[in-house]
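One file, structure07.cif, carrying mmCIF, C-alpha atoms:
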data_protein
loop_
_atom_site.group_PDB
_atom_site.id
_atom_site.type_symbol
_atom_site.label_atom_id
_atom_site.label_comp_id
_atom_site.auth_asym_id
_atom_site.auth_seq_id
_atom_site.Cartn_x
_atom_site.Cartn_y
_atom_site.Cartn_z
ATOM 1 C CA PHE A 1 -43.919 206.911 -62.502
ATOM 2 C CA THR A 2 -44.505 210.628 -61.885
ATOM 3 C CA PHE A 3 -41.965 212.037 -64.333
ATOM 4 C CA PRO A 4 -43.002 209.927 -67.370
ATOM 5 C CA ARG A 5 -46.646 210.890 -66.764
ATOM 6 C CA LEU A 6 -45.654 214.572 -66.757
ATOM 7 C CA VAL A 7 -43.571 214.223 -69.929
ATOM 8 C CA GLU A 8 -46.356 212.332 -71.723
ATOM 9 C CA SER A 9 -48.893 215.016 -70.796
ATOM 10 C CA ILE A 10 -46.566 217.767 -72.070
ATOM 11 C CA LEU A 11 -45.964 215.883 -75.326
ATOM 12 C CA ASP A 12 -49.749 215.539 -75.717
ATOM 13 C CA GLY A 13 -49.968 219.330 -75.482
ATOM 14 C CA ASN A 14 -51.942 219.306 -72.244
ATOM 15 C CA PRO A 15 -49.625 219.464 -69.182
ATOM 16 C CA ASP A 16 -51.360 217.639 -66.324
ATOM 17 C CA THR A 17 -50.838 219.614 -63.125
ATOM 18 C CA SER A 18 -52.870 217.154 -61.042
ATOM 19 C CA ILE A 19 -50.183 214.438 -61.043
ATOM 20 C CA GLY A 20 -49.249 213.384 -57.492
ATOM 21 C CA GLY A 21 -45.907 214.643 -56.260
ATOM 22 C CA LEU A 22 -45.708 217.613 -58.633
ATOM 23 C CA GLY A 23 -45.007 221.144 -57.524
ATOM 24 C CA TYR A 24 -45.584 224.094 -59.846
ATOM 25 C CA LYS A 25 -46.290 227.808 -59.872
ATOM 26 C CA LYS A 26 -49.718 229.183 -60.695
ATOM 27 C CA GLY A 27 -49.154 232.900 -61.068
ATOM 28 C CA SER A 28 -47.141 233.812 -57.998
ATOM 29 C CA GLU A 29 -48.505 230.922 -55.916
ATOM 30 C CA LEU A 30 -46.682 227.656 -55.373
ATOM 31 C CA GLN A 31 -48.928 224.595 -55.731
ATOM 32 C CA ILE A 32 -47.722 221.245 -54.364
ATOM 33 C CA ASN A 33 -49.754 218.082 -54.958
ATOM 34 C CA PRO A 34 -49.835 215.276 -52.404
ATOM 35 C CA VAL A 35 -47.525 212.410 -53.313
ATOM 36 C CA ASP A 36 -48.831 209.178 -54.800
ATOM 37 C CA PRO A 37 -48.713 206.068 -52.583
ATOM 38 C CA VAL A 38 -45.385 204.267 -52.270
ATOM 39 C CA ILE A 39 -44.707 201.639 -54.925
ATOM 40 C CA PRO A 40 -45.563 198.467 -52.982
ATOM 41 C CA ASN A 41 -43.853 195.957 -55.275
ATOM 42 C CA LEU A 42 -40.423 197.139 -56.377
ATOM 43 C CA ASP A 43 -40.241 194.250 -58.839
ATOM 44 C CA ASP A 44 -42.667 196.285 -60.981
ATOM 45 C CA LEU A 45 -39.967 198.881 -61.653
ATOM 46 C CA PRO A 46 -37.788 198.619 -64.769
ATOM 47 C CA PHE A 47 -34.038 198.230 -64.403
ATOM 48 C CA ALA A 48 -32.066 201.471 -64.439
ATOM 49 C CA ASN A 49 -30.518 202.338 -67.790
ATOM 50 C CA ARG A 50 -26.808 202.298 -66.904
ATOM 51 C CA ASP A 51 -25.825 203.016 -70.508
ATOM 52 C CA LEU A 52 -26.733 206.677 -69.889
ATOM 53 C CA PHE A 53 -23.927 206.934 -67.330
ATOM 54 C CA ALA A 54 -21.390 204.502 -68.796
ATOM 55 C CA PRO A 55 -19.450 207.211 -70.710
ATOM 56 C CA TYR A 56 -18.898 209.126 -67.442
ATOM 57 C CA GLU A 57 -18.340 206.413 -64.843
ATOM 58 C CA ASP A 58 -15.838 203.588 -64.607
ATOM 59 C CA PHE A 59 -18.212 200.718 -63.904
ATOM 60 C CA SER A 60 -15.362 198.228 -64.174
ATOM 61 C CA MET A 61 -14.145 199.304 -60.719
ATOM 62 C CA ALA A 62 -17.406 199.400 -58.762
ATOM 63 C CA MET A 63 -21.100 199.741 -59.454
ATOM 64 C CA ASN A 64 -23.845 201.027 -57.176
ATOM 65 C CA PHE A 65 -26.892 198.812 -56.845
ATOM 66 C CA VAL A 66 -30.234 199.318 -55.076
ATOM 67 C CA ALA A 67 -31.962 196.231 -53.698
ATOM 68 C CA GLY A 68 -34.605 198.025 -51.641
ATOM 69 C CA ARG A 69 -36.040 201.339 -50.549
ATOM 70 C CA GLY A 70 -36.765 202.963 -47.242
ATOM 71 C CA CYS A 71 -35.367 202.879 -43.741
ATOM 72 C CA PRO A 72 -37.175 201.773 -40.569
ATOM 73 C CA PHE A 73 -35.387 204.297 -38.354
ATOM 74 C CA ARG A 74 -35.982 208.001 -37.741
ATOM 75 C CA CYS A 75 -32.542 209.540 -37.274
ATOM 76 C CA THR A 76 -32.792 213.333 -37.269
ATOM 77 C CA PHE A 77 -29.886 213.823 -39.694
ATOM 78 C CA CYS A 78 -31.524 211.738 -42.440
ATOM 79 C CA ASP A 79 -34.196 212.456 -45.062
ATOM 80 C CA SER A 80 -35.991 209.135 -44.483
ATOM 81 C CA PRO A 81 -38.329 210.421 -41.707
ATOM 82 C CA MET A 82 -39.364 213.312 -43.979
ATOM 83 C CA GLN A 83 -40.079 210.883 -46.808
ATOM 84 C CA LYS A 84 -42.288 208.774 -44.532
ATOM 85 C CA LYS A 85 -44.276 211.835 -43.425
ATOM 86 C CA GLN A 86 -45.310 212.556 -47.016
ATOM 87 C CA PHE A 87 -47.498 209.456 -47.148
ATOM 88 C CA ASP A 88 -50.911 209.940 -45.533
ATOM 89 C CA SER A 89 -51.876 206.361 -44.767
ATOM 90 C CA PRO A 90 -49.641 203.874 -42.966
ATOM 91 C CA GLN A 91 -47.901 201.832 -45.612
ATOM 92 C CA LYS A 92 -44.962 199.539 -45.843
ATOM 93 C CA PHE A 93 -42.159 202.052 -46.279
ATOM 94 C CA VAL A 94 -39.244 199.592 -46.162
ATOM 95 C CA ARG A 95 -39.460 197.430 -49.270
ATOM 96 C CA TYR A 96 -37.086 195.077 -51.047
ATOM 97 C CA ARG A 97 -37.068 193.765 -54.556
ATOM 98 C CA SER A 98 -37.236 190.000 -54.629
ATOM 99 C CA VAL A 99 -33.848 188.312 -54.562
ATOM 100 C CA ASP A 100 -34.763 186.789 -57.953
ATOM 101 C CA LYS A 101 -35.261 190.249 -59.476
ATOM 102 C CA CYS A 102 -32.080 191.608 -57.880
ATOM 103 C CA PHE A 103 -30.045 188.726 -59.203
ATOM 104 C CA GLU A 104 -31.578 189.029 -62.668
ATOM 105 C CA GLU A 105 -30.303 192.607 -62.853
ATOM 106 C CA LEU A 106 -26.947 191.825 -61.221
ATOM 107 C CA LYS A 107 -26.295 189.095 -63.793
ATOM 108 C CA LEU A 108 -27.004 191.547 -66.622
ATOM 109 C CA LEU A 109 -24.703 194.155 -65.078
ATOM 110 C CA LYS A 110 -21.953 191.626 -64.493
ATOM 111 C CA GLU A 111 -22.146 190.422 -68.098
ATOM 112 C CA LYS A 112 -22.193 193.927 -69.542
ATOM 113 C CA PHE A 113 -19.802 195.863 -67.260
ATOM 114 C CA ASN A 114 -17.996 193.195 -65.175
ATOM 115 C CA PRO A 115 -17.413 195.404 -62.100
ATOM 116 C CA LYS A 116 -14.829 194.364 -59.522
ATOM 117 C CA ASN A 117 -17.441 194.872 -56.805
ATOM 118 C CA PHE A 118 -21.042 195.886 -56.258
ATOM 119 C CA HIS A 119 -21.801 198.629 -53.746
ATOM 120 C CA ILE A 120 -25.285 197.897 -52.394
ATOM 121 C CA VAL A 121 -26.509 201.365 -51.406
ATOM 122 C CA ASP A 122 -29.665 200.451 -49.461
ATOM 123 C CA ASP A 123 -30.162 202.476 -46.277
ATOM 124 C CA VAL A 124 -30.005 199.356 -44.062
ATOM 125 C CA PHE A 125 -29.219 196.162 -45.960
ATOM 126 C CA THR A 126 -29.158 194.166 -42.717
ATOM 127 C CA PHE A 127 -32.732 194.967 -41.600
ATOM 128 C CA ASP A 128 -34.726 192.010 -42.972
ATOM 129 C CA LYS A 129 -32.989 188.822 -41.811
ATOM 130 C CA LYS A 130 -35.108 186.415 -43.881
ATOM 131 C CA TRP A 131 -34.547 188.362 -47.110
ATOM 132 C CA MET A 132 -30.838 188.814 -46.356
ATOM 133 C CA LYS A 133 -30.427 185.093 -45.615
ATOM 134 C CA GLU A 134 -31.801 184.150 -49.027
ATOM 135 C CA TRP A 135 -29.497 186.725 -50.681
ATOM 136 C CA CYS A 136 -26.430 185.444 -48.819
ATOM 137 C CA GLU A 137 -27.139 181.766 -49.468
ATOM 138 C CA ARG A 138 -27.602 182.251 -53.221
ATOM 139 C CA TYR A 139 -25.139 185.066 -53.968
ATOM 140 C CA PRO A 140 -21.794 183.187 -54.121
ATOM 141 C CA GLU A 141 -22.980 180.708 -56.752
ATOM 142 C CA GLU A 142 -25.287 182.948 -58.768
ATOM 143 C CA ILE A 143 -23.327 186.227 -58.747
ATOM 144 C CA GLY A 144 -19.981 185.761 -56.984
ATOM 145 C CA THR A 145 -18.694 189.347 -57.363
ATOM 146 C CA PRO A 146 -17.474 190.878 -54.084
ATOM 147 C CA PHE A 147 -19.945 193.359 -52.610
ATOM 148 C CA GLN A 148 -20.307 195.905 -49.816
ATOM 149 C CA VAL A 149 -23.330 196.948 -47.760
ATOM 150 C CA THR A 150 -24.500 199.254 -44.986
ATOM 151 C CA GLY A 151 -25.880 198.145 -41.635
ATOM 152 C CA TYR A 152 -27.232 199.671 -38.447
ATOM 153 C CA PRO A 153 -25.949 198.766 -34.972
ATOM 154 C CA SER A 154 -29.253 197.369 -33.675
ATOM 155 C CA THR A 155 -29.727 195.216 -36.801
ATOM 156 C CA MET A 156 -26.329 193.538 -36.561
ATOM 157 C CA THR A 157 -25.705 190.114 -35.077
ATOM 158 C CA GLU A 158 -22.775 187.757 -35.268
ATOM 159 C CA GLU A 159 -24.946 185.423 -37.353
ATOM 160 C CA LYS A 160 -25.573 188.142 -39.942
ATOM 161 C CA VAL A 161 -21.893 189.073 -40.110
ATOM 162 C CA VAL A 162 -20.987 185.424 -40.731
ATOM 163 C CA MET A 163 -23.648 185.174 -43.464
ATOM 164 C CA LEU A 164 -22.355 188.312 -45.183
ATOM 165 C CA LYS A 165 -18.740 187.155 -45.034
ATOM 166 C CA ALA A 166 -19.634 183.735 -46.478
ATOM 167 C CA ALA A 167 -21.596 185.429 -49.284
ATOM 168 C CA GLY A 168 -18.597 187.512 -50.373
ATOM 169 C CA CYS A 169 -19.224 190.796 -48.554
ATOM 170 C CA MET A 170 -15.882 192.593 -48.478
ATOM 171 C CA PHE A 171 -16.953 195.724 -46.597
ATOM 172 C CA LEU A 172 -19.680 196.502 -44.078
ATOM 173 C CA GLN A 173 -20.327 200.124 -43.145
ATOM 174 C CA VAL A 174 -22.136 200.711 -39.850
ATOM 175 C CA GLY A 175 -22.911 204.317 -38.950
ATOM 176 C CA ILE A 176 -22.522 205.285 -35.305
ATOM 177 C CA GLN A 177 -22.375 209.105 -35.728
ATOM 178 C CA SER A 178 -21.388 209.858 -32.133
ATOM 179 C CA LEU A 179 -19.878 208.032 -29.175
ATOM 180 C CA ASP A 180 -21.732 210.350 -26.806
ATOM 181 C CA GLN A 181 -24.748 208.253 -25.850
ATOM 182 C CA GLU A 182 -26.829 211.239 -24.677
ATOM 183 C CA ASN A 183 -26.156 213.184 -27.878
ATOM 184 C CA ARG A 184 -27.154 210.170 -29.957
ATOM 185 C CA LYS A 185 -30.405 209.786 -28.034
ATOM 186 C CA ASN A 186 -31.429 213.428 -27.539
ATOM 187 C CA ILE A 187 -30.127 214.987 -30.749
ATOM 188 C CA LEU A 188 -29.921 212.198 -33.330
ATOM 189 C CA ASP A 189 -32.896 210.110 -32.103
ATOM 190 C CA ARG A 190 -30.764 206.964 -31.989
ATOM 191 C CA HIS A 191 -31.354 204.936 -28.869
ATOM 192 C CA GLU A 192 -28.653 202.237 -28.805
ATOM 193 C CA SER A 193 -26.446 202.260 -25.765
ATOM 194 C CA ASN A 194 -22.678 202.377 -26.199
ATOM 195 C CA GLU A 195 -22.614 198.817 -24.862
ATOM 196 C CA ASP A 196 -25.066 197.655 -27.543
ATOM 197 C CA ILE A 197 -23.057 199.344 -30.270
#
Give the structure from the file, written as structure tokens.
Amino acid sequence: FTFPRLVESILDGNPDTSIGGLGYKKGSELQINPVDPVIPNLDDLPFANRDLFAPYEDFSMAMNFVAGRGCPFRCTFCDSPMQKKQFDSPQKFVRYRSVDKCFEELKLLKEKFNPKNFHIVDDVFTFDKKWMKEWCERYPEEIGTPFQVTGYPSTMTEEKVVMLKAAGCMFLQVGIQSLDQENRKNILDRHESNEDI
């Protein structure tokens, strides 16, 4: 929402420097506005315009897809904790589009580009069990294209792995980063034991 508001104000001949999330120079000083609140309902967002990238990417092989935003964890190597800090009031940072909205877009992409697989690029697809269960139960019949996701050790269970497999998940990436438990805890701020992983 920020960028269109900036463009519209420029086109109107009156650039609005008060828009949340903007940074600009006033003389030699850098001015940075506080960010606007997170978008609570991701279903309000329009679908990405893939036609802009179609001449440069082979969507017939694989296509990236975003079902949600945000990560519940605070690993030191990631930008997610910094994103969370930008929002003053406590808000729901991890959000998912409804499965209905995801599938509406996936059907359009499948019809238009027919990729061999969808790469779901959410930070932690396996975080919300209830949402994931609905996705996995409906996906084979409504979409059916193989897909891949990312998980996190503490969010994985045998039940979730079985659900993903039955839904057509062909690849599950789970980041561990280090097998040194003390390094994970003290440097990376990841607290799973080696046994848990």
I'd like the neighbourhood of Phe77 (chain A) as a PDB file with C-alpha atoms, keeping the file's coordinate frame, where a residue qualifies if any of its atoms comes within 12 Å (using all atoms listed in the file), though same-chain residues fewer than 6 positions away should be ignored.
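For reference, around.pdb as written:
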ATOM      1  CA  GLY A 175     -22.911 204.317 -38.950  1.00  0.00           C
ATOM      2  CA  GLN A 177     -22.375 209.105 -35.728  1.00  0.00           C
ATOM      3  CA  ARG A 184     -27.154 210.170 -29.957  1.00  0.00           C
ATOM      4  CA  ILE A 187     -30.127 214.987 -30.749  1.00  0.00           C
ATOM      5  CA  LEU A 188     -29.921 212.198 -33.330  1.00  0.00           C
ATOM      6  CA  ASP A 189     -32.896 210.110 -32.103  1.00  0.00           C
ATOM      7  CA  ARG A 190     -30.764 206.964 -31.989  1.00  0.00           C
TER       8      ARG A 190
END
Problem - the PyMOL selection byres ((chain A and resi 19) around 9) resolved against shown file, as a PyMOL selection string - result: chain A and resi 2+5-6+16-18+20-22+33-36
Output C-alpha atoms for every residue in that selection, as a PDB file, keeping the file's coordinate frame.
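Written output follows (result-v3.pdb):
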ATOM      1  CA  THR A   2     -44.505 210.628 -61.885  1.00  0.00           C
ATOM      2  CA  ARG A   5     -46.646 210.890 -66.764  1.00  0.00           C
ATOM      3  CA  LEU A   6     -45.654 214.572 -66.757  1.00  0.00           C
ATOM      4  CA  ASP A  16     -51.360 217.639 -66.324  1.00  0.00           C
ATOM      5  CA  THR A  17     -50.838 219.614 -63.125  1.00  0.00           C
ATOM      6  CA  SER A  18     -52.870 217.154 -61.042  1.00  0.00           C
ATOM      7  CA  GLY A  20     -49.249 213.384 -57.492  1.00  0.00           C
ATOM      8  CA  GLY A  21     -45.907 214.643 -56.260  1.00  0.00           C
ATOM      9  CA  LEU A  22     -45.708 217.613 -58.633  1.00  0.00           C
ATOM     10  CA  ASN A  33     -49.754 218.082 -54.958  1.00  0.00           C
ATOM     11  CA  PRO A  34     -49.835 215.276 -52.404  1.00  0.00           C
ATOM     12  CA  VAL A  35     -47.525 212.410 -53.313  1.00  0.00           C
ATOM     13  CA  ASP A  36     -48.831 209.178 -54.800  1.00  0.00           C
TER      14      ASP A  36
END
Practice task
Name all residues at most 12 Å from Phe147 (chain A) (count only C-alpha atoms; drop same-chain ones fewer than 2 positions away) and give them as number ranges by chain.
Solution key: A: 61-65, 106, 115-121, 125, 135-136, 139-140, 143-145, 149-150, 164-173
Go ahead and save the picked residues with C-alpha atoms, as an mmCIF file, in the coordinates of the input.
data_model
loop_
_atom_site.group_PDB
_atom_site.id
_atom_site.type_symbol
_atom_site.label_atom_id
_atom_site.label_comp_id
_atom_site.auth_asym_id
_atom_site.auth_seq_id
_atom_site.Cartn_x
_atom_site.Cartn_y
_atom_site.Cartn_z
ATOM 1 C CA MET A 61 -14.145 199.304 -60.719
ATOM 2 C CA ALA A 62 -17.406 199.400 -58.762
ATOM 3 C CA MET A 63 -21.100 199.741 -59.454
ATOM 4 C CA ASN A 64 -23.845 201.027 -57.176
ATOM 5 C CA PHE A 65 -26.892 198.812 -56.845
ATOM 6 C CA LEU A 106 -26.947 191.825 -61.221
ATOM 7 C CA PRO A 115 -17.413 195.404 -62.100
ATOM 8 C CA LYS A 116 -14.829 194.364 -59.522
ATOM 9 C CA ASN A 117 -17.441 194.872 -56.805
ATOM 10 C CA PHE A 118 -21.042 195.886 -56.258
ATOM 11 C CA HIS A 119 -21.801 198.629 -53.746
ATOM 12 C CA ILE A 120 -25.285 197.897 -52.394
ATOM 13 C CA VAL A 121 -26.509 201.365 -51.406
ATOM 14 C CA PHE A 125 -29.219 196.162 -45.960
ATOM 15 C CA TRP A 135 -29.497 186.725 -50.681
ATOM 16 C CA CYS A 136 -26.430 185.444 -48.819
ATOM 17 C CA TYR A 139 -25.139 185.066 -53.968
ATOM 18 C CA PRO A 140 -21.794 183.187 -54.121
ATOM 19 C CA ILE A 143 -23.327 186.227 -58.747
ATOM 20 C CA GLY A 144 -19.981 185.761 -56.984
ATOM 21 C CA THR A 145 -18.694 189.347 -57.363
ATOM 22 C CA VAL A 149 -23.330 196.948 -47.760
ATOM 23 C CA THR A 150 -24.500 199.254 -44.986
ATOM 24 C CA LEU A 164 -22.355 188.312 -45.183
ATOM 25 C CA LYS A 165 -18.740 187.155 -45.034
ATOM 26 C CA ALA A 166 -19.634 183.735 -46.478
ATOM 27 C CA ALA A 167 -21.596 185.429 -49.284
ATOM 28 C CA GLY A 168 -18.597 187.512 -50.373
ATOM 29 C CA CYS A 169 -19.224 190.796 -48.554
ATOM 30 C CA MET A 170 -15.882 192.593 -48.478
ATOM 31 C CA PHE A 171 -16.953 195.724 -46.597
ATOM 32 C CA LEU A 172 -19.680 196.502 -44.078
ATOM 33 C CA GLN A 173 -20.327 200.124 -43.145
#
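Closest approach to Ser60 (chain A) from the set A:Phe103, A:Phe93, A:Phe113, A:Trp131 is made by A:Phe113, with distances taken over only C-alpha atoms.
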Handout entry: Atomic separation - CA of Val99 (chain A) relative to CA of Glu134 (chain A), Å
Key =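 CA of Val99 (chain A) lies 7.2 Å from CA of Glu134 (chain A).
Minimum distance to Ile39 (chain A) across A:Cys102, A:Arg69, A:Gln86, A:Cys78 (counting all atoms listed in the file) occurs at A:Arg69.
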Practice task
Would you kindly return, as a VMD selection string, each protein, DNA or RNA residue with an atom no farther than 12 Å from any atom of Thr157 (chain A), considering all atoms listed in the file and excluding same-chain residues fewer than 6 positions away?
Solution key: chain A and resid 126 to 127 129 151 163 to 164 196 to 197
Practice task
Would you list the contacts of Pro40 (chain A) as a ChimeraX atom specification, taking every protein, DNA or RNA residue within 10 Å and counting all atoms listed in the file, but skipping same-chain residues closer than 3 positions in sequence?
Solution key: /A:37,43-44,91-97
Handout entry: One-decimal distance in Å that lies between CA of Pro146 (chain A) and CA of Glu158 (chain A)
Key =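 Pair CA of Glu158 (chain A) / CA of Pro146 (chain A) returns 19.8 Å.
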Exercise for the section: Give the answer as one residue: which of A:Asp180, A:Phe73, A:Glu105, A:Val38 has the shortest atom-to-atom distance to Phe87 (chain A), using all atoms listed in the file? Expected result: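 Looking at the shortest contact to Phe87 (chain A), the residue is A:Val38.
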Exercise for the section: Return the single residue from A:Thr76, A:Gln148, A:Gln181, A:Asn114 that is closest to Ser193 (chain A), with distances computed using all atoms listed in the file. Expected result: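 Answer, going by the shortest atom-to-atom distance: A:Gln181.
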Exercise for the section: Could you please determine the separation between CA of Cys71 (chain A) and CA of Val124 (chain A) in Å, to one decimal place? Expected result: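 Computed distance, CA of Cys71 (chain A) to CA of Val124 (chain A), equals 6.4 Å.
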Practice task
Go through A:Glu57, A:Asp51, A:Val66, A:Arg74 one by one, measure the shortest atom-to-atom distance of each to His191 (chain A) using only C-alpha atoms, and give the residue with the smallest value.
Solution key: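 The answer is A:Arg74, which sits nearest to His191 (chain A).
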As AutoDock Vina command-line options, please report the centre and edge lengths, rounded to one decimal in Å, of the axis-aligned box that holds all listed atoms of region 17-29 of chain A with 5 Å of padding on each of the six sides.
--center_x -48.9 --center_y 223.6 --center_z -59.5 --size_x 17.9 --size_y 30.4 --size_z 17.2
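Considering the residues A:Leu179, A:Val174, A:Met132, A:Ala54 and counting all atoms listed in the file, Lys160 (chain A) has its shortest atom-to-atom contact with A:Met132.
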